[in-house]
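Some notes on the structure that comes next.
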Amino acid sequence: MSVRERAGRLTHYDVLVVTAAIWFLAKFLRYAFPPLFESFQLSYGVSNAVLGAAYTGFMLVYAAMQFPSGVLADRFGSVAVITTGALVASVAALVLVVDSPFLVLVAAMLVMGAGTGAHKTVAVRLLSQAYPSRTGRALGILDTFGAFGGVVAPAAVVAVAGIGFALGASWRLIFLVAGALGLALAGAFWVRVPKRVPSAVEGDAPTSAVSAAGFSQYATLFRDWRFSVFALLTVLFSFTYNGFVAFAPLYLTQEAGLADATAGVLYSALFLASLSQLATGDLSDRVGKLPIIVLLLGLASAALVAFVSLTDTAGPFLLGAALIAVGIGAHGFRPVRGAYLMEVIPDDVAGGGLGVVRTLLMAAGAVAPVIVGTLSEVAGFQPAFWLLAASIVSATVLGALLWALE
C-alpha cells in the first residue's frame, strides 16, 4: 500500500476521530467531578449531600438533553448541534478556571450537563451517515473513546494535585485544559465534518418537526412492534447495567467477603472490558446486528447468573472471570444497539427517535441504583442482584424473539 493510499485511509476516519474525541472529553468532564468532591469541600466548605445534589443536577440535565438534541439535529443538522454542545461545555469549563463562589460551580456543572448531553444521540446518527457500511465499527470506537474518558479523569485529578496554579486551587487546571481542548475540537469539527459529510449540515425533518404537533411523529415509532420490543429490551439492559455498576464493589466486599483492594481491581477490570466494543461493533457489520445482540446479552446473562450463584462458594478468580464476562457482554452490546436503531428508525426522524430511546434507557438506569440499594437493605444483596439478572435475561429473550421473527 502506497503512502498516498494510507493517507487516504486515515483521512477517511477523520470524522470518527474528531467526533470520538469530543465524546472522550464529555465523559472526562462527567467523571472528573466525583474524584474532586473532597477538593470542592476544601475550597467551598460544603457537605457531601450538597455535592451529591449538584452532581445529580448535572446528570439530570444531561439526560434531559437526549431527546431535544436529537430533534434539533433532525431540523438543523448534526454539525450545528454537536458544535454548539461542545462550545457550551467548553465555555462552562473555562468559567471554573477563576476563583468564584460555589453557586458558580453549580451553574457551570448544569451548563456542562447540557453541553455534553447534546453529543451522544446526535453523534450516533452522524456516524451512521458517515460510515453506513461500518456503523457498528464506528460506534464501537466512539464508545471505547468515551469509556477511556472515565479511566483518565481520576488519574488527571491525582496528577494535578499539589501543582501550583496562579488563579486558584490546583483542580482548576483540569477545567482550563479541558475547556481549551474543547474549543479546539469544536473548531476542528465545524471545519472538517461538513466537507466529509455534507448531509450532516442540514436536517432531514421539516420545520413542523420541531413544533408541538410535529412531536407526534416520534411517538408513532412505537406503533412498530419491533421498535417497541427493542426499546423495552434496551431499557431492561440499562436497568441491569446501571444497578450492577453502582453496587458491584459493595457486593464484592459485603456479600462475597473480598478485600477492598481485590474488589477494586475486579471493578476496574469490568471497565477495561469495554475494549470488547471495538470487536463487537465491527463483527455486527459483518454478520448482522441481532445475532450479535443475542450473543452478547446471552453472555452477560449467563455470567451474571453465575456471578450471583457462586457468591458464597467461589474465590476472587472465578468471581472476577464472571464479572469480566458481564463487562464484555454489556459493553459490547452498546455499539450494536446504536447501529441497530439506526437501521430501524426512519432517516428523517433518526435523531429524535434515538433521543426517545436514550431518554427511556437513561431513566431506567437512573432508578436502578435506588431500587437495588433499597432492596439490598430490605431483603439482602443477593435478591437485589437476582432482580438484575432477571432483567437482563428478559432482555436476552426479547432479542432472541426479534431474531427469530426477522
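The chains in the C-alpha cells are called A, B, ... from first to last as shown; in each chain the residues are counted from 1, and the ligands are counted from 1 in the order shown.
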Residue neighbourhood Leu402 of chain A, 10 Å, only C-alpha atoms, exclusion window fewer than 2 positions, as a PyMOL selection string
chain A and resi 225-227+229-230+290-291+294+396-400+404-406
Near Leu275 of chain A, within 12 Å and counting only C-alpha atoms, which residues show up once chain neighbours fewer than 5 positions away are dropped, as a PyMOL selection string?
chain A and resi 140-148+269-270+280-281+324+327-335
Please save all heavy atoms of the selected residues as a compact mmCIF listing (two decimals), in the first residue's frame.
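That gives us selection33.txt:
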# COMPACT_ATOMS: atom_id res chain seq x y z
N GLY A 140 -18.44 1.39 17.92
CA GLY A 140 -17.58 0.71 18.88
C GLY A 140 -16.39 1.56 19.28
O GLY A 140 -16.02 1.64 20.45
N ILE A 141 -15.78 2.21 18.29
CA ILE A 141 -14.65 3.10 18.58
C ILE A 141 -15.13 4.30 19.38
O ILE A 141 -14.46 4.73 20.34
CB ILE A 141 -13.99 3.54 17.27
CG1 ILE A 141 -13.35 2.33 16.58
CG2 ILE A 141 -12.95 4.63 17.51
CD1 ILE A 141 -12.82 2.61 15.18
N LEU A 142 -16.28 4.86 19.02
CA LEU A 142 -16.83 6.00 19.75
C LEU A 142 -17.03 5.66 21.23
O LEU A 142 -16.59 6.41 22.12
CB LEU A 142 -18.17 6.41 19.13
CG LEU A 142 -18.93 7.54 19.85
CD1 LEU A 142 -18.27 8.88 19.59
CD2 LEU A 142 -20.39 7.57 19.41
N ASP A 143 -17.67 4.54 21.51
CA ASP A 143 -17.94 4.15 22.89
C ASP A 143 -16.66 3.82 23.65
O ASP A 143 -16.57 4.06 24.86
CB ASP A 143 -18.91 2.97 22.94
CG ASP A 143 -20.34 3.38 22.64
OD1 ASP A 143 -20.71 4.51 22.98
OD2 ASP A 143 -21.08 2.57 22.07
N THR A 144 -15.67 3.28 22.97
CA THR A 144 -14.40 2.98 23.64
C THR A 144 -13.68 4.27 24.03
O THR A 144 -13.11 4.37 25.12
CB THR A 144 -13.51 2.12 22.73
OG1 THR A 144 -14.21 0.92 22.39
CG2 THR A 144 -12.21 1.77 23.43
N PHE A 145 -13.68 5.26 23.15
CA PHE A 145 -13.12 6.57 23.49
C PHE A 145 -13.80 7.11 24.74
O PHE A 145 -13.13 7.63 25.65
CB PHE A 145 -13.32 7.54 22.33
CG PHE A 145 -12.16 7.63 21.39
CD1 PHE A 145 -11.78 6.55 20.59
CD2 PHE A 145 -11.43 8.80 21.28
CE1 PHE A 145 -10.72 6.63 19.72
CE2 PHE A 145 -10.35 8.90 20.41
CZ PHE A 145 -10.00 7.82 19.63
N GLY A 146 -15.12 7.03 24.78
CA GLY A 146 -15.86 7.54 25.93
C GLY A 146 -15.50 6.81 27.21
O GLY A 146 -15.32 7.42 28.27
N ALA A 147 -15.38 5.48 27.12
CA ALA A 147 -15.03 4.70 28.31
C ALA A 147 -13.68 5.11 28.87
O ALA A 147 -13.49 5.19 30.09
CB ALA A 147 -15.03 3.21 27.97
N PHE A 148 -12.73 5.39 28.01
CA PHE A 148 -11.42 5.79 28.49
C PHE A 148 -11.40 7.22 29.02
O PHE A 148 -10.49 7.59 29.77
CB PHE A 148 -10.37 5.58 27.40
CG PHE A 148 -9.87 4.17 27.35
CD1 PHE A 148 -10.48 3.24 26.53
CD2 PHE A 148 -8.82 3.78 28.16
CE1 PHE A 148 -10.03 1.92 26.51
CE2 PHE A 148 -8.37 2.47 28.14
CZ PHE A 148 -8.98 1.54 27.31
N ALA A 269 -11.43 -4.02 36.21
CA ALA A 269 -11.45 -4.96 35.08
C ALA A 269 -12.79 -4.91 34.36
O ALA A 269 -12.86 -5.12 33.14
CB ALA A 269 -11.17 -6.37 35.58
N LEU A 270 -13.85 -4.63 35.10
CA LEU A 270 -15.18 -4.50 34.49
C LEU A 270 -15.18 -3.42 33.42
O LEU A 270 -15.79 -3.58 32.35
CB LEU A 270 -16.21 -4.20 35.57
CG LEU A 270 -17.65 -3.90 35.11
CD1 LEU A 270 -18.26 -5.13 34.45
CD2 LEU A 270 -18.50 -3.44 36.29
N THR A 280 -16.98 -6.04 18.75
CA THR A 280 -18.40 -6.38 18.56
C THR A 280 -19.07 -5.47 17.54
O THR A 280 -19.91 -5.92 16.75
CB THR A 280 -19.16 -6.30 19.88
OG1 THR A 280 -19.04 -4.98 20.45
CG2 THR A 280 -18.62 -7.31 20.88
N GLY A 281 -18.70 -4.18 17.53
CA GLY A 281 -19.29 -3.28 16.54
C GLY A 281 -18.92 -3.70 15.14
O GLY A 281 -19.78 -3.76 14.24
N ILE A 324 -15.87 -10.02 34.56
CA ILE A 324 -15.32 -9.58 33.27
C ILE A 324 -16.23 -10.02 32.13
O ILE A 324 -16.44 -9.27 31.15
CB ILE A 324 -13.90 -10.13 33.08
CG1 ILE A 324 -12.95 -9.46 34.09
CG2 ILE A 324 -13.41 -9.90 31.65
CD1 ILE A 324 -11.57 -10.08 34.13
N GLY A 327 -18.95 -7.69 31.84
CA GLY A 327 -18.48 -6.47 31.20
C GLY A 327 -18.34 -6.61 29.70
O GLY A 327 -18.71 -5.70 28.94
N ILE A 328 -17.83 -7.74 29.24
CA ILE A 328 -17.67 -7.96 27.79
C ILE A 328 -19.03 -7.93 27.11
O ILE A 328 -19.22 -7.27 26.07
CB ILE A 328 -16.96 -9.30 27.53
CG1 ILE A 328 -15.50 -9.22 27.99
CG2 ILE A 328 -17.03 -9.66 26.04
CD1 ILE A 328 -14.76 -10.54 27.93
N GLY A 329 -19.99 -8.64 27.69
CA GLY A 329 -21.32 -8.66 27.08
C GLY A 329 -22.01 -7.32 27.14
O GLY A 329 -22.61 -6.87 26.14
N ALA A 330 -21.92 -6.64 28.29
CA ALA A 330 -22.63 -5.38 28.46
C ALA A 330 -22.01 -4.26 27.63
O ALA A 330 -22.71 -3.54 26.91
CB ALA A 330 -22.63 -4.99 29.94
N HIS A 331 -20.69 -4.11 27.71
CA HIS A 331 -20.03 -3.07 26.92
C HIS A 331 -20.12 -3.36 25.43
O HIS A 331 -20.32 -2.45 24.62
CB HIS A 331 -18.57 -2.92 27.34
CG HIS A 331 -18.37 -2.31 28.69
ND1 HIS A 331 -18.69 -1.00 28.96
CD2 HIS A 331 -17.91 -2.83 29.85
CE1 HIS A 331 -18.42 -0.73 30.23
NE2 HIS A 331 -17.95 -1.82 30.79
N GLY A 332 -19.95 -4.62 25.07
CA GLY A 332 -20.01 -4.98 23.66
C GLY A 332 -21.37 -4.74 23.03
O GLY A 332 -21.47 -4.50 21.82
N PHE A 333 -22.42 -4.78 23.84
CA PHE A 333 -23.78 -4.57 23.34
C PHE A 333 -24.02 -3.14 22.88
O PHE A 333 -24.78 -2.90 21.93
CB PHE A 333 -24.77 -4.94 24.46
CG PHE A 333 -26.19 -4.49 24.20
CD1 PHE A 333 -26.96 -5.10 23.23
CD2 PHE A 333 -26.74 -3.46 24.94
CE1 PHE A 333 -28.27 -4.69 23.00
CE2 PHE A 333 -28.04 -3.04 24.73
CZ PHE A 333 -28.81 -3.66 23.75
N ARG A 334 -23.38 -2.17 23.50
CA ARG A 334 -23.72 -0.76 23.28
C ARG A 334 -23.60 -0.30 21.82
O ARG A 334 -24.53 0.28 21.27
CB ARG A 334 -22.88 0.12 24.20
CG ARG A 334 -23.29 0.02 25.65
CD ARG A 334 -22.41 0.89 26.51
NE ARG A 334 -22.97 1.06 27.83
CZ ARG A 334 -22.41 1.80 28.78
NH1 ARG A 334 -21.26 2.42 28.52
NH2 ARG A 334 -22.96 1.91 29.97
N PRO A 335 -22.45 -0.50 21.16
CA PRO A 335 -22.38 -0.02 19.78
C PRO A 335 -23.33 -0.75 18.84
O PRO A 335 -23.85 -0.16 17.89
CB PRO A 335 -20.92 -0.27 19.39
CG PRO A 335 -20.45 -1.33 20.31
CD PRO A 335 -21.17 -1.10 21.61
Find the residues around segment 386-393 of chain A up to 10 Å (only C-alpha atoms counted), leave out those fewer than 6 positions away in its own chain, and share them as an NGL selection string.
:A and (233-244 or 297-309 or 330 or 368 or 371-372 or 375 or 399)
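Taking atom CA of Val106 of chain A and atom CA of Thr359 of chain A as the two end points, the separation is 23.0 Å.
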Extract, using only C-alpha atoms, all DNA, RNA and protein residues at most 7 Å from Leu87 of chain A, discarding same-chain residues fewer than 6 positions from it, and format them as an mmCIF file with C-alpha atoms, in the first residue's frame.
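Output saved as around-v4.cif:
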data_model
loop_
_atom_site.group_PDB
_atom_site.id
_atom_site.type_symbol
_atom_site.label_atom_id
_atom_site.label_comp_id
_atom_site.auth_asym_id
_atom_site.auth_seq_id
_atom_site.Cartn_x
_atom_site.Cartn_y
_atom_site.Cartn_z
ATOM 1 C CA GLY A 182 -12.979 21.531 23.822
ATOM 2 C CA LEU A 183 -12.756 24.810 21.905
ATOM 3 C CA ALA A 186 -15.309 22.238 18.295
#
Please provide as an MDAnalysis selection string all residues within 10 Å of Tyr251 of chain A, with the sequence filter that same-chain residues fewer than 2 positions apart are discarded (counting only C-alpha atoms).
chainID A and resid 244 246:249 253:258 263 308 311 376 381:382 385
Let me see the file: selected residues, all heavy atoms, as a CSV table (one decimal), in the first residue's frame.
chain,number,residue,atom,x,y,z
A,244,PHE,N,-26.0,-2.8,38.4
A,244,PHE,CA,-24.8,-3.6,38.7
A,244,PHE,C,-23.6,-2.8,38.9
A,244,PHE,O,-22.8,-3.0,39.9
A,244,PHE,CB,-24.6,-4.5,37.5
A,244,PHE,CG,-23.5,-5.5,37.7
A,244,PHE,CD1,-23.6,-6.6,38.5
A,244,PHE,CD2,-22.3,-5.4,37.0
A,244,PHE,CE1,-22.6,-7.5,38.7
A,244,PHE,CE2,-21.2,-6.3,37.2
A,244,PHE,CZ,-21.4,-7.4,38.0
A,246,ALA,N,-23.3,0.3,39.9
A,246,ALA,CA,-23.4,1.1,41.1
A,246,ALA,C,-23.1,0.3,42.4
A,246,ALA,O,-22.5,0.9,43.3
A,246,ALA,CB,-24.8,1.7,41.3
A,247,PHE,N,-23.4,-1.0,42.4
A,247,PHE,CA,-23.2,-1.7,43.7
A,247,PHE,C,-22.3,-2.9,43.6
A,247,PHE,O,-22.1,-3.6,44.6
A,247,PHE,CB,-24.6,-2.2,44.2
A,247,PHE,CG,-25.4,-1.1,44.8
A,247,PHE,CD1,-26.4,-0.5,44.0
A,247,PHE,CD2,-25.2,-0.7,46.1
A,247,PHE,CE1,-27.1,0.6,44.5
A,247,PHE,CE2,-26.0,0.4,46.6
A,247,PHE,CZ,-26.9,1.0,45.8
A,248,ALA,N,-21.6,-3.1,42.5
A,248,ALA,CA,-20.7,-4.3,42.3
A,248,ALA,C,-19.6,-4.2,43.4
A,248,ALA,O,-19.2,-5.2,44.0
A,248,ALA,CB,-20.1,-4.3,40.9
A,249,PRO,N,-18.9,-3.0,43.6
A,249,PRO,CA,-17.9,-3.0,44.7
A,249,PRO,C,-18.4,-3.4,46.1
A,249,PRO,O,-17.7,-4.2,46.8
A,249,PRO,CB,-17.4,-1.6,44.6
A,249,PRO,CG,-17.8,-1.1,43.3
A,249,PRO,CD,-19.1,-1.7,43.0
A,253,THR,N,-17.4,-6.8,48.4
A,253,THR,CA,-16.8,-6.8,49.8
A,253,THR,C,-17.8,-7.3,50.9
A,253,THR,O,-17.4,-8.1,51.7
A,253,THR,CB,-16.4,-5.3,50.1
A,253,THR,OG1,-17.5,-4.4,50.0
A,253,THR,CG2,-15.3,-4.9,49.2
A,254,GLN,N,-19.1,-6.8,50.8
A,254,GLN,CA,-20.0,-7.2,51.9
A,254,GLN,C,-20.7,-8.5,51.7
A,254,GLN,O,-20.9,-9.2,52.7
A,254,GLN,CB,-21.1,-6.1,51.9
A,254,GLN,CG,-20.6,-4.7,52.3
A,254,GLN,CD,-21.7,-3.7,52.5
A,254,GLN,OE1,-22.9,-4.0,52.4
A,254,GLN,NE2,-21.3,-2.4,52.7
A,255,GLU,N,-20.9,-8.9,50.4
A,255,GLU,CA,-21.6,-10.2,50.2
A,255,GLU,C,-20.6,-11.3,49.9
A,255,GLU,O,-20.8,-12.5,50.4
A,255,GLU,CB,-22.6,-10.0,49.1
A,255,GLU,CG,-23.7,-11.1,49.0
A,255,GLU,CD,-24.7,-11.0,50.1
A,255,GLU,OE1,-24.8,-9.9,50.7
A,255,GLU,OE2,-25.3,-12.1,50.4
A,256,ALA,N,-19.6,-11.0,49.1
A,256,ALA,CA,-18.7,-12.1,48.7
A,256,ALA,C,-17.5,-12.1,49.6
A,256,ALA,O,-16.7,-13.1,49.6
A,256,ALA,CB,-18.2,-11.9,47.3
A,257,GLY,N,-17.3,-11.1,50.5
A,257,GLY,CA,-16.3,-11.2,51.5
A,257,GLY,C,-14.9,-10.9,51.0
A,257,GLY,O,-13.9,-11.3,51.6
A,258,LEU,N,-14.7,-10.2,49.8
A,258,LEU,CA,-13.4,-9.9,49.3
A,258,LEU,C,-12.8,-8.7,50.0
A,258,LEU,O,-13.6,-7.8,50.5
A,258,LEU,CB,-13.5,-9.7,47.8
A,258,LEU,CG,-14.0,-10.9,47.0
A,258,LEU,CD1,-13.9,-10.5,45.5
A,258,LEU,CD2,-13.3,-12.2,47.3
A,263,ALA,N,-11.5,-6.1,45.5
A,263,ALA,CA,-12.8,-5.7,44.8
A,263,ALA,C,-12.5,-4.5,43.9
A,263,ALA,O,-13.1,-4.4,42.8
A,263,ALA,CB,-13.8,-5.3,45.9
A,308,VAL,N,-23.8,-14.4,40.7
A,308,VAL,CA,-24.6,-14.4,41.9
A,308,VAL,C,-24.7,-15.8,42.5
A,308,VAL,O,-24.6,-15.9,43.7
A,308,VAL,CB,-26.1,-13.9,41.6
A,308,VAL,CG1,-26.9,-13.9,42.9
A,308,VAL,CG2,-26.1,-12.5,41.0
A,311,THR,N,-21.5,-16.7,44.6
A,311,THR,CA,-21.1,-15.7,45.6
A,311,THR,C,-20.6,-16.3,46.9
A,311,THR,O,-19.5,-15.9,47.4
A,311,THR,CB,-22.2,-14.7,45.9
A,311,THR,OG1,-22.6,-14.0,44.7
A,311,THR,CG2,-21.9,-13.7,47.0
A,376,SER,N,-31.5,-4.2,48.7
A,376,SER,CA,-30.4,-4.8,49.4
A,376,SER,C,-30.5,-4.6,50.9
A,376,SER,O,-30.1,-5.5,51.7
A,376,SER,CB,-29.1,-4.2,48.9
A,376,SER,OG,-29.0,-2.8,49.3
A,381,PHE,N,-28.4,-8.3,49.5
A,381,PHE,CA,-27.8,-8.0,48.2
A,381,PHE,C,-28.1,-9.1,47.2
A,381,PHE,O,-28.3,-8.8,46.0
A,381,PHE,CB,-26.3,-7.9,48.4
A,381,PHE,CG,-25.8,-6.5,48.4
A,381,PHE,CD1,-25.0,-6.0,49.4
A,381,PHE,CD2,-26.2,-5.6,47.3
A,381,PHE,CE1,-24.5,-4.7,49.3
A,381,PHE,CE2,-25.7,-4.3,47.3
A,381,PHE,CZ,-24.9,-3.8,48.3
A,382,GLN,N,-28.1,-10.4,47.6
A,382,GLN,CA,-28.3,-11.4,46.5
A,382,GLN,C,-29.7,-11.3,45.9
A,382,GLN,O,-29.8,-11.4,44.7
A,382,GLN,CB,-28.0,-12.8,47.1
A,382,GLN,CG,-26.5,-13.1,47.4
A,382,GLN,CD,-26.2,-14.6,47.6
A,382,GLN,OE1,-26.8,-15.4,46.9
A,382,GLN,NE2,-25.3,-14.9,48.5
A,385,PHE,N,-29.5,-8.6,43.4
A,385,PHE,CA,-28.7,-8.9,42.2
A,385,PHE,C,-29.5,-10.0,41.3
A,385,PHE,O,-29.3,-10.0,40.1
A,385,PHE,CB,-27.3,-9.4,42.5
A,385,PHE,CG,-26.3,-8.2,42.6
A,385,PHE,CD1,-26.6,-7.1,43.3
A,385,PHE,CD2,-25.2,-8.3,41.9
A,385,PHE,CE1,-25.7,-6.0,43.3
A,385,PHE,CE2,-24.2,-7.2,41.9
A,385,PHE,CZ,-24.6,-6.1,42.6
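With distances restricted to only C-alpha atoms, A:Val356 is the closest residue to Ala219 of chain A from A:Val122, A:Met59, A:Val356, A:Ala161.
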Nearest-residue call for Val344 of chain A, choices A:Leu221, A:Ala366, A:Val197, A:Leu266, using only C-alpha atoms
A:Leu221
Running DSSP on the backbone, which parts of segment 124-277 of chain A land in helix (DSSP H, G or I), as a VMD selection string?
chain A and resid 124 to 130 135 to 160 172 to 196 198 to 200 207 to 210 213 to 223 225 to 255 260 to 277
